[in-house]
file start-v3.cif (mmCIF, C-alpha atoms and all ligand atoms)
data_target
loop_
_atom_site.label_atom_id
_atom_site.label_comp_id
_atom_site.auth_asym_id
_atom_site.auth_seq_id
_atom_site.Cartn_x
_atom_site.Cartn_y
_atom_site.Cartn_z
CA MET A 18 -24.22 5.78 15.04
CA GLY A 19 -25.70 2.29 15.27
CA SER A 20 -29.48 2.12 15.16
CA SER A 21 -30.09 5.81 14.40
CA VAL A 22 -28.44 5.37 11.02
CA LYS A 23 -30.64 2.45 10.07
CA GLU A 24 -33.83 4.43 10.44
CA GLY A 25 -33.12 6.27 7.18
CA THR A 26 -33.25 4.78 3.72
CA SER A 27 -30.18 3.19 2.19
CA SER A 28 -29.28 6.27 0.20
CA SER A 29 -29.56 8.63 3.14
CA LEU A 30 -27.34 6.54 5.41
CA MET A 31 -24.16 7.57 3.66
CA THR A 32 -25.26 11.15 2.99
CA GLU A 33 -26.17 11.74 6.63
CA PHE A 34 -23.05 9.98 7.84
CA LEU A 35 -20.76 12.07 5.63
CA GLU A 36 -22.51 15.24 6.72
CA LYS A 37 -22.01 14.30 10.37
CA CYS A 38 -18.35 13.58 9.69
CA GLY A 39 -17.84 17.01 8.07
CA GLY A 40 -17.98 16.00 4.40
CA TYR A 41 -15.47 13.14 4.36
CA ALA A 42 -14.88 10.00 6.39
CA VAL A 43 -11.83 8.04 7.44
CA VAL A 44 -11.93 4.28 6.91
CA ASP A 45 -9.63 1.93 8.85
CA GLY A 46 -6.47 0.38 7.44
CA GLY A 47 -5.14 -3.09 6.64
CA PHE A 48 -6.79 -5.50 9.03
CA ALA A 49 -5.28 -8.91 8.31
CA THR A 50 -1.79 -7.52 7.88
CA GLU A 51 -2.14 -5.61 11.14
CA LEU A 52 -3.08 -8.84 12.95
CA GLU A 53 0.05 -10.31 11.40
CA ARG A 54 2.20 -7.37 12.53
CA HIS A 55 1.01 -8.14 16.06
CA GLY A 56 2.26 -11.72 15.76
CA ALA A 57 -0.77 -13.64 14.46
CA ASP A 58 0.06 -16.52 12.12
CA ILE A 59 -2.45 -16.11 9.29
CA LYS A 60 -0.68 -18.24 6.70
CA ASP A 61 -3.82 -20.34 6.57
CA PRO A 62 -6.75 -20.81 4.18
CA LEU A 63 -8.89 -18.75 6.59
CA TRP A 64 -6.29 -15.92 6.57
CA SER A 65 -7.50 -13.20 9.01
CA ALA A 66 -10.67 -15.17 9.86
CA LYS A 67 -8.47 -17.67 11.67
CA CYS A 68 -8.11 -15.08 14.45
CA LEU A 69 -11.87 -15.19 15.09
CA ILE A 70 -11.15 -18.68 16.44
CA THR A 71 -7.65 -18.33 17.88
CA SER A 72 -7.29 -14.73 19.03
CA PRO A 73 -10.48 -12.65 19.18
CA HIS A 74 -8.77 -10.31 21.70
CA LEU A 75 -6.34 -9.32 18.91
CA VAL A 76 -9.26 -8.60 16.58
CA THR A 77 -10.66 -6.19 19.19
CA LYS A 78 -7.24 -4.62 19.71
CA VAL A 79 -6.76 -3.91 15.99
CA HIS A 80 -10.25 -2.36 15.74
CA LEU A 81 -9.48 -0.17 18.75
CA ASP A 82 -6.11 0.89 17.35
CA TYR A 83 -7.84 2.09 14.20
CA LEU A 84 -10.52 3.92 16.14
CA GLU A 85 -7.84 5.62 18.23
CA SER A 86 -6.12 6.61 14.97
CA GLY A 87 -9.19 8.49 13.72
CA ALA A 88 -11.27 5.92 11.80
CA ASN A 89 -14.97 6.62 11.23
CA ILE A 90 -15.56 3.19 9.73
CA ILE A 91 -14.19 -0.13 10.98
CA ILE A 92 -14.42 -3.22 8.78
CA THR A 93 -15.09 -6.58 10.41
CA ALA A 94 -12.75 -9.58 10.41
CA SER A 95 -15.09 -11.52 8.09
CA TYR A 96 -13.24 -10.90 4.81
CA GLN A 97 -12.19 -14.55 4.49
CA ALA A 98 -14.73 -15.92 7.01
CA THR A 99 -16.94 -18.22 4.97
CA ILE A 100 -19.18 -21.03 6.08
CA GLN A 101 -17.49 -23.27 3.49
CA GLY A 102 -14.02 -22.33 4.80
CA PHE A 103 -14.91 -22.95 8.45
CA VAL A 104 -16.61 -26.26 7.63
CA SER A 105 -13.52 -27.48 5.79
CA LYS A 106 -11.64 -26.82 9.05
CA GLY A 107 -13.99 -29.24 10.83
CA LEU A 108 -16.45 -26.76 12.34
CA SER A 109 -20.20 -27.31 12.12
CA VAL A 110 -22.40 -25.00 10.04
CA GLY A 111 -23.84 -23.62 13.30
CA GLU A 112 -20.37 -22.83 14.63
CA ALA A 113 -19.41 -21.20 11.33
CA GLU A 114 -22.51 -19.00 11.42
CA SER A 115 -21.76 -18.00 15.02
CA LEU A 116 -18.24 -16.94 14.04
CA LEU A 117 -19.65 -14.71 11.32
CA ARG A 118 -21.92 -13.03 13.87
CA ARG A 119 -19.00 -12.83 16.30
CA SER A 120 -16.94 -10.84 13.77
CA VAL A 121 -19.58 -8.09 13.88
CA GLU A 122 -19.99 -8.31 17.67
CA LEU A 123 -16.23 -7.79 18.10
CA SER A 124 -16.37 -4.61 16.00
CA CYS A 125 -19.44 -3.33 17.87
CA GLU A 126 -17.75 -4.07 21.21
CA ALA A 127 -14.62 -2.18 20.11
CA ARG A 128 -16.81 0.80 19.16
CA GLU A 129 -18.49 0.64 22.56
CA ILE A 130 -15.13 0.56 24.37
CA PHE A 131 -13.93 3.48 22.25
CA TYR A 132 -17.04 5.54 23.04
CA ASN A 133 -16.67 4.80 26.74
CA ARG A 134 -13.09 6.03 26.59
CA CYS A 135 -14.28 9.17 24.77
CA ASN A 136 -16.84 9.79 27.48
CA LYS A 137 -14.02 9.74 29.99
CA GLY A 138 -12.39 12.78 28.40
CA SER A 139 -11.01 12.40 24.90
CA TRP A 140 -13.57 14.16 22.72
CA ASP A 141 -13.33 14.96 19.03
CA PHE A 142 -14.13 18.47 17.83
CA ASP A 143 -16.24 19.18 14.80
CA HIS A 144 -15.47 21.88 12.23
CA ALA A 145 -17.20 24.55 14.32
CA GLY A 146 -14.99 23.59 17.25
CA LYS A 147 -17.89 21.96 19.11
CA ALA A 148 -17.19 18.82 21.09
CA SER A 149 -18.98 15.83 19.56
CA GLN A 150 -18.90 12.06 19.60
CA ARG A 151 -17.18 10.84 16.47
CA PRO A 152 -19.60 8.97 14.18
CA VAL A 153 -18.45 5.38 13.74
CA LEU A 154 -19.97 2.78 11.43
CA VAL A 155 -19.33 -0.96 11.46
CA ALA A 156 -19.00 -2.41 7.94
CA ALA A 157 -19.36 -6.19 7.63
CA SER A 158 -16.71 -7.41 5.22
CA VAL A 159 -17.54 -9.85 2.44
CA GLY A 160 -14.43 -10.96 0.56
CA SER A 161 -14.75 -12.42 -2.91
CA TYR A 162 -14.94 -16.09 -3.91
CA GLY A 163 -11.29 -15.58 -4.89
CA ALA A 164 -10.50 -14.75 -1.27
CA TYR A 165 -12.00 -18.08 -0.17
CA LEU A 166 -9.76 -19.87 -2.70
CA ALA A 167 -6.92 -18.54 -0.51
CA ASP A 168 -4.32 -18.36 -3.25
CA GLY A 169 -4.46 -14.66 -4.10
CA SER A 170 -7.16 -15.21 -6.78
CA GLU A 171 -8.41 -11.71 -5.96
CA TYR A 172 -5.48 -10.57 -8.07
CA SER A 173 -6.39 -12.70 -11.11
CA GLY A 174 -10.18 -12.43 -11.09
CA VAL A 175 -10.33 -15.62 -13.14
CA TYR A 176 -12.49 -18.30 -11.55
CA GLY A 177 -12.79 -20.66 -14.53
CA ASP A 178 -15.75 -21.70 -16.66
CA TYR A 179 -17.33 -23.81 -13.94
CA VAL A 180 -18.12 -20.71 -11.84
CA SER A 181 -21.34 -19.00 -12.93
CA LYS A 182 -23.29 -16.07 -11.52
CA GLU A 183 -25.71 -18.55 -9.92
CA SER A 184 -22.91 -20.53 -8.27
CA LEU A 185 -21.41 -17.31 -6.91
CA LYS A 186 -24.81 -16.33 -5.50
CA ASP A 187 -25.12 -19.74 -3.86
CA PHE A 188 -21.62 -19.42 -2.46
CA HIS A 189 -22.27 -16.02 -0.84
CA ARG A 190 -26.00 -16.24 0.02
CA ARG A 191 -26.02 -17.52 3.60
CA ARG A 192 -23.07 -15.38 4.71
CA VAL A 193 -24.70 -12.23 3.33
CA GLN A 194 -28.02 -13.13 5.03
CA ILE A 195 -26.27 -13.61 8.37
CA LEU A 196 -24.14 -10.47 8.17
CA ALA A 197 -27.18 -8.40 7.19
CA LYS A 198 -28.89 -9.41 10.44
CA SER A 199 -25.81 -9.19 12.64
CA GLY A 200 -26.07 -5.58 13.83
CA ALA A 201 -23.60 -4.18 11.27
CA ASP A 202 -24.46 -0.78 9.78
CA LEU A 203 -23.62 -1.83 6.24
CA ILE A 204 -21.98 -4.55 4.17
CA ALA A 205 -18.57 -3.97 2.57
CA PHE A 206 -18.20 -6.08 -0.57
CA GLU A 207 -14.45 -5.77 -0.87
CA THR A 208 -11.66 -6.50 -3.34
CA ILE A 209 -14.10 -7.45 -6.12
CA PRO A 210 -12.00 -8.76 -9.01
CA ASN A 211 -14.53 -9.18 -11.84
CA LYS A 212 -17.90 -8.07 -13.16
CA LEU A 213 -19.65 -11.41 -12.64
CA GLU A 214 -19.17 -11.25 -8.87
CA ALA A 215 -20.50 -7.67 -8.77
CA GLU A 216 -23.60 -8.86 -10.65
CA ALA A 217 -24.02 -11.75 -8.24
CA TYR A 218 -23.88 -9.36 -5.25
CA VAL A 219 -26.47 -7.02 -6.81
CA ASP A 220 -28.82 -9.97 -7.39
CA LEU A 221 -28.35 -11.18 -3.82
CA LEU A 222 -29.05 -7.74 -2.33
CA GLU A 223 -32.28 -7.54 -4.32
CA GLU A 224 -33.50 -11.13 -4.16
CA GLU A 225 -32.75 -11.66 -0.48
CA GLY A 226 -34.33 -8.34 0.53
CA ILE A 227 -31.17 -7.29 2.34
CA ASP A 228 -32.20 -4.37 4.53
CA ILE A 229 -28.87 -2.73 5.30
CA PRO A 230 -26.95 -0.78 2.65
CA ALA A 231 -23.68 -1.85 1.05
CA TRP A 232 -20.56 -0.53 -0.60
CA PHE A 233 -18.88 -2.18 -3.56
CA SER A 234 -15.12 -1.86 -3.75
CA PHE A 235 -13.14 -3.16 -6.73
CA ILE A 236 -9.46 -4.02 -7.14
CA SER A 237 -7.28 -2.90 -10.03
CA LYS A 238 -3.72 -3.69 -11.07
CA ASP A 239 -3.38 -1.07 -13.79
CA GLY A 240 -5.71 1.84 -13.05
CA VAL A 241 -8.06 0.95 -15.92
CA THR A 242 -9.36 -2.58 -15.50
CA VAL A 243 -10.24 -5.05 -12.73
CA PRO A 244 -7.98 -8.12 -12.57
CA SER A 245 -10.25 -10.16 -14.93
CA GLY A 246 -9.46 -7.60 -17.65
CA GLU A 247 -12.97 -6.05 -17.68
CA SER A 248 -13.05 -2.26 -17.55
CA ILE A 249 -13.59 -0.65 -14.18
CA ILE A 250 -16.29 1.47 -15.81
CA GLU A 251 -18.41 -1.59 -16.70
CA CYS A 252 -18.05 -2.91 -13.15
CA VAL A 253 -18.99 0.41 -11.56
CA GLU A 254 -22.08 0.60 -13.78
CA VAL A 255 -23.25 -2.68 -12.25
CA ALA A 256 -22.78 -1.32 -8.72
CA ASP A 257 -24.36 2.01 -9.61
CA SER A 258 -27.53 0.28 -10.83
CA CYS A 259 -28.38 -0.99 -7.33
CA LYS A 260 -30.23 1.35 -4.95
CA LYS A 261 -28.84 -0.48 -1.92
CA VAL A 262 -25.29 0.45 -2.87
CA VAL A 263 -24.39 3.67 -1.06
CA ALA A 264 -20.73 4.02 -2.00
CA ILE A 265 -18.50 2.63 -4.75
CA GLY A 266 -14.76 2.49 -4.84
CA ILE A 267 -11.39 0.83 -4.99
CA ASN A 268 -9.36 -1.07 -2.41
CA CYS A 269 -6.22 -3.22 -2.17
CA THR A 270 -4.79 -1.42 -5.19
CA ALA A 271 -1.48 0.43 -5.47
CA PRO A 272 -1.87 4.11 -4.50
CA ARG A 273 -0.36 5.31 -7.81
CA TYR A 274 -3.44 4.06 -9.73
CA ILE A 275 -6.09 5.63 -7.51
CA HIS A 276 -6.17 9.10 -9.07
CA ASP A 277 -7.07 7.84 -12.57
CA LEU A 278 -9.54 5.35 -11.13
CA ILE A 279 -11.41 8.10 -9.27
CA ILE A 280 -11.69 10.05 -12.52
CA SER A 281 -13.16 6.96 -14.24
CA LEU A 282 -15.57 6.32 -11.37
CA CYS A 283 -16.83 9.89 -11.49
CA GLN A 284 -17.80 9.35 -15.14
CA VAL A 285 -20.29 6.64 -14.21
CA THR A 286 -21.55 7.27 -10.71
CA HIS A 287 -22.79 10.09 -8.52
CA LYS A 288 -22.61 7.90 -5.42
CA PRO A 289 -19.92 8.69 -2.81
CA ILE A 290 -16.54 7.30 -3.79
CA ILE A 291 -14.48 5.28 -1.32
CA VAL A 292 -10.77 4.59 -1.74
CA TYR A 293 -8.61 2.46 0.52
CA PRO A 294 -5.49 1.41 -1.33
CA ASN A 295 -2.85 -1.03 -0.11
CA SER A 296 0.76 -0.03 0.56
CA GLY A 297 1.76 -0.62 -3.07
CA GLU A 298 3.56 -3.86 -2.20
CA VAL A 299 2.79 -6.97 -4.26
CA TYR A 300 1.17 -10.10 -2.77
CA ASP A 301 2.64 -13.53 -3.43
CA GLY A 302 -0.52 -15.59 -2.89
CA LEU A 303 1.18 -18.98 -2.95
CA ASN A 304 3.62 -18.16 -0.18
CA LYS A 305 1.32 -15.59 1.48
CA LYS A 306 4.11 -13.01 1.52
CA TRP A 307 4.34 -9.34 0.56
CA ILE A 308 7.07 -8.21 -1.81
CA LYS A 309 8.42 -4.71 -1.17
CA SER A 310 7.70 -2.05 -3.75
CA GLU A 311 10.50 0.15 -5.03
CA GLU A 312 7.88 2.48 -6.43
CA GLU A 313 5.90 3.58 -3.39
CA SER A 314 6.30 4.51 0.25
CA GLU A 315 3.89 5.43 3.04
CA GLU A 316 4.78 9.12 2.56
CA ASP A 317 3.73 8.93 -1.12
CA PHE A 318 0.41 7.37 -0.11
CA VAL A 319 -0.47 10.10 2.35
CA SER A 320 0.66 12.86 -0.02
CA TYR A 321 -1.89 11.65 -2.59
CA VAL A 322 -4.88 11.99 -0.27
CA SER A 323 -5.62 15.68 -0.94
CA ARG A 324 -5.66 15.04 -4.69
CA TRP A 325 -8.02 12.11 -4.28
CA ARG A 326 -10.36 14.36 -2.35
CA GLU A 327 -10.15 17.09 -4.98
CA GLU A 328 -11.01 14.54 -7.66
CA GLY A 329 -14.22 13.68 -5.81
CA ALA A 330 -13.58 10.82 -3.36
CA SER A 331 -15.12 11.22 0.09
CA LEU A 332 -14.15 8.12 2.07
CA PHE A 333 -10.44 7.37 2.57
CA GLY A 334 -8.57 4.58 4.30
CA GLY A 335 -6.00 1.88 3.72
CA CYS A 336 -5.93 -1.79 2.83
CA CYS A 337 -3.23 -4.45 3.16
CA ARG A 338 0.05 -3.41 4.82
CA THR A 339 -1.21 0.02 5.80
CA THR A 340 -1.22 0.61 9.56
CA PRO A 341 -2.75 2.85 12.24
CA ASN A 342 0.05 5.31 11.44
CA THR A 343 -1.20 5.55 7.85
CA ILE A 344 -4.74 6.18 9.06
CA ARG A 345 -3.60 8.79 11.60
CA ALA A 346 -1.72 10.60 8.81
CA ILE A 347 -4.73 10.45 6.46
CA ALA A 348 -7.01 11.84 9.19
CA LYS A 349 -4.54 14.65 9.83
CA VAL A 350 -4.20 15.62 6.15
CA LEU A 351 -7.98 15.68 5.75
CA SER A 352 -8.65 17.66 8.92
CA CYS A 353 -6.24 20.36 7.74
CA GLN A 354 -8.23 20.72 4.54
CA SER A 355 -11.65 21.99 5.66
CA PRO A 356 -13.89 23.31 4.27
CA ALA A 357 -14.57 20.67 1.63
CA PRO A 358 -13.27 21.48 -1.86
CA SER A 359 -15.90 22.61 -4.35
CA LYS A 360 -15.72 19.35 -6.38
CA LEU A 361 -16.83 17.32 -3.37
CA LYS A 362 -20.41 16.16 -3.85
CA PHE A 363 -23.10 15.13 -1.41
CA TRP A 364 -25.80 12.77 -2.53
C1 LIG A 401 -6.20 -9.48 -0.83
S1 LIG A 401 -5.18 -10.88 -0.55
C2 LIG A 401 -3.82 -10.23 0.28
C3 LIG A 401 -6.06 -11.76 0.67
C4 LIG A 401 -5.43 -13.05 1.09
C5 LIG A 401 -5.69 -14.18 0.15
N1 LIG A 401 -7.10 -14.41 -0.06
C6 LIG A 401 -5.04 -15.43 0.69
O1 LIG A 401 -5.68 -16.25 1.33
O2 LIG A 401 -3.85 -15.58 0.49
N1 LIG A 402 -10.63 -5.72 5.00
C1 LIG A 402 -9.63 -6.68 4.58
C2 LIG A 402 -9.35 -6.51 3.12
C3 LIG A 402 -8.30 -7.39 2.59
S1 LIG A 402 -7.95 -7.14 0.91
C4 LIG A 402 -8.39 -6.49 5.40
O1 LIG A 402 -8.00 -5.35 5.59
O2 LIG A 402 -7.80 -7.47 5.83
ZN ZN A 403 -6.12 -5.68 0.96
#
call {"tool": "encode", "arguments": {"input": "start-v3.cif", "output": "structure tokens"}}
result
Amino acid sequence: MGSSVKEGTSSSLMTEFLEKCGGYAVVDGGFATELERHGADIKDPLWSAKCLITSPHLVTKVHLDYLESGANIIITASYQATIQGFVSKGLSVGEAESLLRRSVELSCEAREIFYNRCNKGSWDFDHAGKASQRPVLVAASVGSYGAYLADGSEYSGVYGDYVSKESLKDFHRRRVQILAKSGADLIAFETIPNKLEAEAYVDLLEEEGIDIPAWFSFISKDGVTVPSGESIIECVEVADSCKKVVAIGINCTAPRYIHDLIISLCQVTHKPIIVYPNSGEVYDGLNKKWIKSEEESEEDFVSYVSRWREEGASLFGGCCRTTPNTIRAIAKVLSCQSPAPSKLKFW
């Protein structure tokens, strides 16, 4: 897609993209945990962003694996890549900014490699059976301030009284400016754990004149609220108020909560809904370990996908501990479901 997508307005980017994809799109899966599955040691304050320094080839490989599995959107390795985090590792501000740009370049290069492979024979087929190049967007990840804290604060959403909307804006400003000019198609504000951070992102998009669109994706531990305890509905209202936001959704949340969350989201937004849950395992932020869930398996996750689509979601992927196999299975379930169910909306 690349530059052709950017010619439209923010709101048409997602509409046109979903139309080209056949009404729904497949997002990639867990990125950091996939790097880890391939042997990367990310038990570090930079988490997955450490690989931008130590193993960029692995970053490209994971992007390619997801593209080969059917992804229409790949999310960059910048989730925990912050200027503040790189500087505390001894890098200069200039080096930190280059690494942010590099995260987007690596995704764009993977897309290029994938397209070249497609041109050598492996074409996708659209719903009319016509050979076509699969639309692929690069989404520049922005993890929350809680991600930078590197202790699993995404799952508490509590930053303390000393963190204000203005300090959050100051924390994120330069990274958002850089990612917006990096060649990414859109910005993915991911794993948002409270309303204040959503408000800070909306202000930044407006005040900084960010000229690529964004999605806002919240986290929930109970299907009703974000980790701070605020209702998901209040948070989605904040995202919905911003014209630059072209999709709203939920990520890094147990699959069993997604159905009810989609119903809540539909009450407050007509924007496309994106869901990319985690495997249902629980994160131990202090030891940076995942604790197995008795309650959910990969089969359960994939069996939910049709219901999520019927309820009105139109972008589907996975977050932590999901793999290319999960994404391949999601793509397969969705491709068996055409045409789109009547509840699916285009905006
Ligand atoms: C969504 S959590 C699994 C991300 C990792 C966390 N910020 C950490 O550094 O431990
Ligand atoms: N895009 C990030 C989200 C972490 S919650 C990743 O998959 O690593
Ligand atoms: Zn996650």
call {"tool": "closest_residue", "arguments": {"input": "start-v3.cif", "among": "A:Pro73, A:Gly102, A:Gly163, A:Gly107", "to": "Glu126 of chain A", "atoms": "all atoms listed in the file"}}
result
A:Pro73
call {"tool": "closest_residue", "arguments": {"input": "start-v3.cif", "among": "A:Glu85, A:Glu129, A:Glu312, A:Glu171", "to": "ligand LIG 402 (chain A)", "atoms": "only C-alpha atoms and all ligand atoms"}}
result
A:Glu171
call {"tool": "residues_near_ligand", "arguments": {"input": "start-v3.cif", "ligand": "ligand ZN 403 (chain A)", "cutoff": "9 Å", "atoms": "only C-alpha atoms and all ligand atoms", "output": "JSON, numbers by chain"}}
result
{"A": [46, 47, 48, 49, 50, 207, 208, 236, 268, 269, 270, 293, 294, 295, 296, 335, 336, 337, 338, 339]}
call {"tool": "closest_residue", "arguments": {"input": "start-v3.cif", "among": "A:Val241, A:Leu123, A:Ala205, A:Ala88", "to": "Tyr41 of chain A", "atoms": "all atoms listed in the file"}}
result
A:Ala88
call {"tool": "atom_distance", "arguments": {"input": "start-v3.cif", "atom1": "atom CA of Gly169 of chain A", "atom2": "atom CA of Asn304 of chain A"}}
result
9.6 Å
call {"tool": "axis_aligned_box", "arguments": {"input": "start-v3.cif", "around": "segment 212-231 of chain A", "padding_each_side": "5 Å", "output": "lines of an AutoDock Vina configuration file"}}
result
center_x = -26.1
center_y = -6.3
center_z = -3.9
size_x = 26.4
size_y = 21.0
size_z = 28.5
call {"tool": "atom_distance", "arguments": {"input": "start-v3.cif", "atom1": "atom CA of Met31 of chain A", "atom2": "atom CA of Asp239 of chain A"}}
result
28.5 Å
call {"tool": "closest_residue", "arguments": {"input": "start-v3.cif", "among": "A:Arg191, A:Arg151, A:Lys60, A:Lys78", "to": "ligand LIG 401 (chain A)", "atoms": "all atoms listed in the file"}}
result
A:Lys60
call {"tool": "residues_around", "arguments": {"input": "start-v3.cif", "residues": "Pro230 of chain A", "least_positions_apart": "3", "cutoff": "9 Å", "atoms": "only C-alpha atoms", "output": "list in words"}}
result
Lys23, Thr26, Ser27, Ser28, Leu30, Met31, Ala197, Asp202, Leu203, Ile204, Ala205, Leu222, Ile227, Lys260, Lys261, Val262 and Val263 of chain A
call {"tool": "write_last_selection", "arguments": {"input": "start-v3.cif", "atoms": "C-alpha atoms", "output": "compact mmCIF listing (two decimals), in the frame of the given file"}}
result
# COMPACT_ATOMS: atom_id res chain seq x y z
CA LYS A 23 -30.64 2.45 10.07
CA THR A 26 -33.25 4.78 3.72
CA SER A 27 -30.18 3.19 2.19
CA SER A 28 -29.28 6.27 0.20
CA LEU A 30 -27.34 6.54 5.41
CA MET A 31 -24.16 7.57 3.66
CA ALA A 197 -27.18 -8.40 7.19
CA ASP A 202 -24.46 -0.78 9.78
CA LEU A 203 -23.62 -1.83 6.24
CA ILE A 204 -21.98 -4.55 4.17
CA ALA A 205 -18.57 -3.97 2.57
CA LEU A 222 -29.05 -7.74 -2.33
CA ILE A 227 -31.17 -7.29 2.34
CA LYS A 260 -30.23 1.35 -4.95
CA LYS A 261 -28.84 -0.48 -1.92
CA VAL A 262 -25.29 0.45 -2.87
CA VAL A 263 -24.39 3.67 -1.06
call {"tool": "closest_atom_pairs", "arguments": {"input": "start-v3.cif", "of": "chain A", "to": "ligand LIG 401 (chain A)", "cutoff": "7 Å", "atoms": "all atoms listed in the file", "output": "tab-separated table"}}
result
residue	atom	partner	partner_atom	distance
A:Asp61	CA	A:LIG401	O1	6.9
A:Pro62	CA	A:LIG401	O1	5.5
A:Leu63	CA	A:LIG401	O1	6.6
A:Trp64	CA	A:LIG401	O1	5.3
A:Gln97	CA	A:LIG401	N1	6.8
A:Gly163	CA	A:LIG401	N1	6.5
A:Ala164	CA	A:LIG401	N1	3.6
A:Tyr165	CA	A:LIG401	N1	6.1
A:Leu166	CA	A:LIG401	N1	6.6
A:Ala167	CA	A:LIG401	O1	3.2
A:Asp168	CA	A:LIG401	O2	4.7
A:Gly169	CA	A:LIG401	C5	4.5
A:Ser170	CA	A:LIG401	N1	6.8
A:Glu171	CA	A:LIG401	C1	6.0
A:Thr208	CA	A:LIG401	C1	6.7
A:Cys269	CA	A:LIG401	C1	6.4
A:Tyr300	CA	A:LIG401	C2	5.8
A:Gly302	CA	A:LIG401	O2	4.7
A:Leu303	CA	A:LIG401	O2	7.0
A:Lys305	CA	A:LIG401	O2	5.3
A:Cys337	CA	A:LIG401	C2	6.5
call {"tool": "write_last_selection", "arguments": {"input": "start-v3.cif", "atoms": "C-alpha atoms", "output": "PDB file, in the frame of the given file"}}
result
ATOM      1  CA  ASP A  61      -3.820 -20.340   6.570  1.00  0.00           C
ATOM      2  CA  PRO A  62      -6.750 -20.810   4.180  1.00  0.00           C
ATOM      3  CA  LEU A  63      -8.890 -18.750   6.590  1.00  0.00           C
ATOM      4  CA  TRP A  64      -6.290 -15.920   6.570  1.00  0.00           C
ATOM      5  CA  GLN A  97     -12.190 -14.550   4.490  1.00  0.00           C
ATOM      6  CA  GLY A 163     -11.290 -15.580  -4.890  1.00  0.00           C
ATOM      7  CA  ALA A 164     -10.500 -14.750  -1.270  1.00  0.00           C
ATOM      8  CA  TYR A 165     -12.000 -18.080  -0.170  1.00  0.00           C
ATOM      9  CA  LEU A 166      -9.760 -19.870  -2.700  1.00  0.00           C
ATOM     10  CA  ALA A 167      -6.920 -18.540  -0.510  1.00  0.00           C
ATOM     11  CA  ASP A 168      -4.320 -18.360  -3.250  1.00  0.00           C
ATOM     12  CA  GLY A 169      -4.460 -14.660  -4.100  1.00  0.00           C
ATOM     13  CA  SER A 170      -7.160 -15.210  -6.780  1.00  0.00           C
ATOM     14  CA  GLU A 171      -8.410 -11.710  -5.960  1.00  0.00           C
ATOM     15  CA  THR A 208     -11.660  -6.500  -3.340  1.00  0.00           C
ATOM     16  CA  CYS A 269      -6.220  -3.220  -2.170  1.00  0.00           C
ATOM     17  CA  TYR A 300       1.170 -10.100  -2.770  1.00  0.00           C
ATOM     18  CA  GLY A 302      -0.520 -15.590  -2.890  1.00  0.00           C
ATOM     19  CA  LEU A 303       1.180 -18.980  -2.950  1.00  0.00           C
ATOM     20  CA  LYS A 305       1.320 -15.590   1.480  1.00  0.00           C
ATOM     21  CA  CYS A 337      -3.230  -4.450   3.160  1.00  0.00           C
TER      22      CYS A 337
END
call {"tool": "atom_distance", "arguments": {"input": "start-v3.cif", "atom1": "atom CA of Ala127 of chain A", "atom2": "atom CA of Glu112 of chain A"}}
result
22.1 Å
call {"tool": "closest_residue", "arguments": {"input": "start-v3.cif", "among": "A:Glu315, A:Asn211, A:Ile265, A:Ile275", "to": "Gly177 of chain A", "atoms": "all atoms listed in the file"}}
result
A:Asn211
call {"tool": "residues_around", "arguments": {"input": "start-v3.cif", "residues": "segment 180-183 of chain A", "least_positions_apart": "5", "cutoff": "12 Å", "atoms": "only C-alpha atoms", "output": "list of chain:residue names"}}
result
A:Tyr162, A:Gly163, A:Gly174, A:Val175, A:Phe188, A:His189, A:Arg190, A:Asn211, A:Lys212, A:Leu213, A:Glu214, A:Ala215, A:Glu216, A:Ala217, A:Tyr218, A:Val219, A:Asp220, A:Leu221
call {"tool": "closest_residue", "arguments": {"input": "start-v3.cif", "among": "A:Gly39, A:Pro210, A:Pro272, A:Gly87", "to": "Ser248 of chain A", "atoms": "all atoms listed in the file"}}
result
A:Pro210
call {"tool": "residues_near_point", "arguments": {"input": "start-v3.cif", "point": "(-24.0, -11.3, 13.7)", "cutoff": "10 Å", "atoms": "only C-alpha atoms", "output": "JSON, numbers by chain"}}
result
{"A": [114, 115, 116, 117, 118, 119, 120, 121, 122, 123, 157, 192, 194, 195, 196, 197, 198, 199, 200, 201]}
